[in-house]
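Below: one structure, written as structure tokens.
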Amino acid sequence: MYVAVKGGEAAIRNAHAWLAEERRGDTAVAELSVAQIREQLSLAVNRVMAEGSLYDPDLAALAIKQARGDLIEAVFLIRAYRTTLPRFGSTLPVETAEMACDRRISATFKDLPGGQILGPTFDYTHRLLDFKLAAEGGEDAHPAPAVEGVAPAAVPHVTGFLNREGLIEEAPREDSLPPDLTREPLEMPADRALRLQALTRADEGFTLSLAYSTQRGYARNHAFVGELRIGTVPVEMEIPGLGFSIEIGEITLTECETVNQFTGSKTEPPQFTRGYGLVFGQTERKAISMALVDRALRWEELGEDYQGAPAQDAEFVLYHSDNIQATGFLEHIKLPHYVDFQSELELVRKLRREAGVDSLQEAAE
Amino acid sequence: MSSCIDKAEVVEMKDTVDTNAERKAWMGLFAKAPAGRVAALLDAVQARPDFTWLRPPEIGSVMVQGRAGGTGAPFNLGEMTVTRCALKLAGGEVGHAYLQGRRKDDAEAAALIDALMQTERADDLREAVIAPLKAELAGAAQARAARAAATKVEFFTMVRGED
């Protein structure tokens, strides 16, 4: 248990002053601006927005600068800031079918309406360090040739094609009010809406590892990436006092739909089943991971067996996926625990006396 | 204020759908415009009229929802920052703004245009602010779609060398 301590004000002040200096680094090197971070470290910005659960690229970039690039610390800053904001309400659900796609690929269908759009991807790069980037101004401007006369058009969801044949479970439209774990404590059993909210803000590393565990055989669910799409969607909201809804902005999202083999259960026919990932920003590793873990957590509603795998255990997954909760509890153990430890010390000494072992200190006394 | 409500009611009786659809469209444009753009377009066409705040610009958040499987039951995806305000012109016309991000100046400009669009300034503003903004955003979307189209691929399945 942590017991309050006092004192050390001057030392703490000096430590924070030094922190600020270390953050700045060598003053002979130009200072990074928040805009540079936002534009040039955009995937870090996206991760901080997703796990901070607040879409605002400028704030995420500022948090990364302040946190010296420690992304979990940056997420912490965003979460703390978020709590100071009044909530104006809830938007209508975003319609990802209408996404203006920068990227849209399917691993299950090679010829699909709308086509395979690679977008700005690391895929098919050779993962060789590019030393041109190390040279000041050495980055070549090589814009990809744009295709003339392309009108932005929505591309249909891949799962829709399978739906037509009845080969995949449906995700029927519903308009219930979803639970919100930022307002009500996360309690078990958690329905799918609550699980998806927890997963979309979950730590990327944790989600990736759990998803990987399902691929290696811990609750294997044979996932194919039916579709991965990245792009912008408008955000629409009913405005109180106006009596109609308007678009209040536009956000970049990554959506992953997995198509999973399913041989049927007592309650469900043989068909493909689905896992779903939807994450703020261009965050495809996270979105794919989310979809795999979502699918693993659906074992009960699909009538599958519980294999005791970590990715099937909603309580284990959801209570350990939030990196701010985790780091808060983990890092607090480095703070003064002197009183606590003193009592432990007394206990161990007493037990040793009872066991007939003299400690060195007592022998010396 | 009362005159504004009377006027709104009269308009609503005439053609609710059309009026709302046009207003909905311009409010959406202001929300999606790049920072500073709405204010610049307004200031280029006219001096700002006097107004009183009904709600001064305020920064908050809204919870964005998604749907499980893209089409199913809603879930909470996370919040986004939003700036909102409401104001009233001397003639009683009320303007609202709700836009993404922390942009009080943009919100003020957007609410002013929203109010002015209910006055005889509407035609000028439609031409000098709304039309160019619409064209700029459509152009940006088109350019982005063209870049994406240049990365469209055809995958060919190779015959495996198995006997």
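Going through the structure tokens in order, the chains are called A, B, and so on, while each chain numbers its residues from 1 and the ligands are numbered from 1 in the order shown.
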
Quiz item: Which residues, written as a list in words, have at least one atom at most 9 Å from Pro156 of chain A, with only C-alpha atoms counted and residues fewer than 2 positions away on the same chain left out?
Solution: Ala97, Glu98, Pro113, Gly114, Ala154, Val158, Thr159, Gly160 and Phe161 of chain A

Given the selection you just returned, output its residues as a file containing N, CA and C atoms, formatted as a CSV table (one decimal), in the first residue's frame.
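selection-v8.csv, freshly written:
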```csv
chain,number,residue,atom,x,y,z
A,97,ALA,N,-19.0,2.0,-44.8
A,97,ALA,CA,-19.3,1.6,-46.2
A,97,ALA,C,-19.1,2.8,-47.2
A,98,GLU,N,-19.2,4.0,-46.6
A,98,GLU,CA,-19.0,5.2,-47.4
A,98,GLU,C,-17.6,5.8,-47.3
A,113,PRO,N,-15.1,-5.9,-56.7
A,113,PRO,CA,-15.6,-4.6,-57.1
A,113,PRO,C,-15.0,-3.5,-56.3
A,114,GLY,N,-14.4,-2.5,-57.0
A,114,GLY,CA,-13.7,-1.4,-56.4
A,114,GLY,C,-12.2,-1.6,-56.4
A,154,ALA,N,-17.6,5.4,-53.1
A,154,ALA,CA,-17.6,4.5,-52.1
A,154,ALA,C,-17.4,3.1,-52.7
A,158,VAL,N,-16.6,-6.1,-48.5
A,158,VAL,CA,-16.4,-7.5,-49.0
A,158,VAL,C,-17.3,-8.5,-48.4
A,159,THR,N,-17.6,-8.3,-47.1
A,159,THR,CA,-18.5,-9.3,-46.5
A,159,THR,C,-19.8,-9.3,-47.1
A,160,GLY,N,-20.2,-8.2,-47.7
A,160,GLY,CA,-21.5,-8.1,-48.4
A,160,GLY,C,-21.6,-9.1,-49.5
A,161,PHE,N,-20.5,-9.4,-50.2
A,161,PHE,CA,-20.6,-10.4,-51.3
A,161,PHE,C,-20.9,-11.8,-50.7
```

Practice problem: Pull out every residue of chain B that has at least one atom within 9 Å of chain A, counting only C-alpha atoms, and report them as number ranges by chain. | Solution: B: 20, 23-25, 27-33, 59-82, 96-102, 138, 141-157

Self-check item: Atomic separation - atom CA of Pro34 of chain B relative to atom CA of Pro132 of chain B, Å
Solution: 12.9 Å

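Those residues of segment 155-235 of chain A that DSSP, working from the backbone, places in helix (DSSP H, G or I) are Val158, Thr159, Gly160, Phe161, Leu162, Asn163, Arg164, Glu165, Arg192, Ala193, Leu194, Arg195, Leu196, Gln197, Ala198, Leu199, Thr200, Glu204, Gly205, Phe206, Thr207, Leu208, Ser209, Leu210, Ala211, Tyr212, Ser213, Thr214 and Gln215 of chain A.
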
Quiz item: Nearest to Lys88 of chain B: which of B:Arg55, B:Arg37, B:Lys104, B:Lys134 is it, counting only C-alpha atoms?
Solution: B:Arg55

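Interatomic distance, atom CA of Leu335 of chain A against atom CA of Gly25 of chain A: 26.6 Å.
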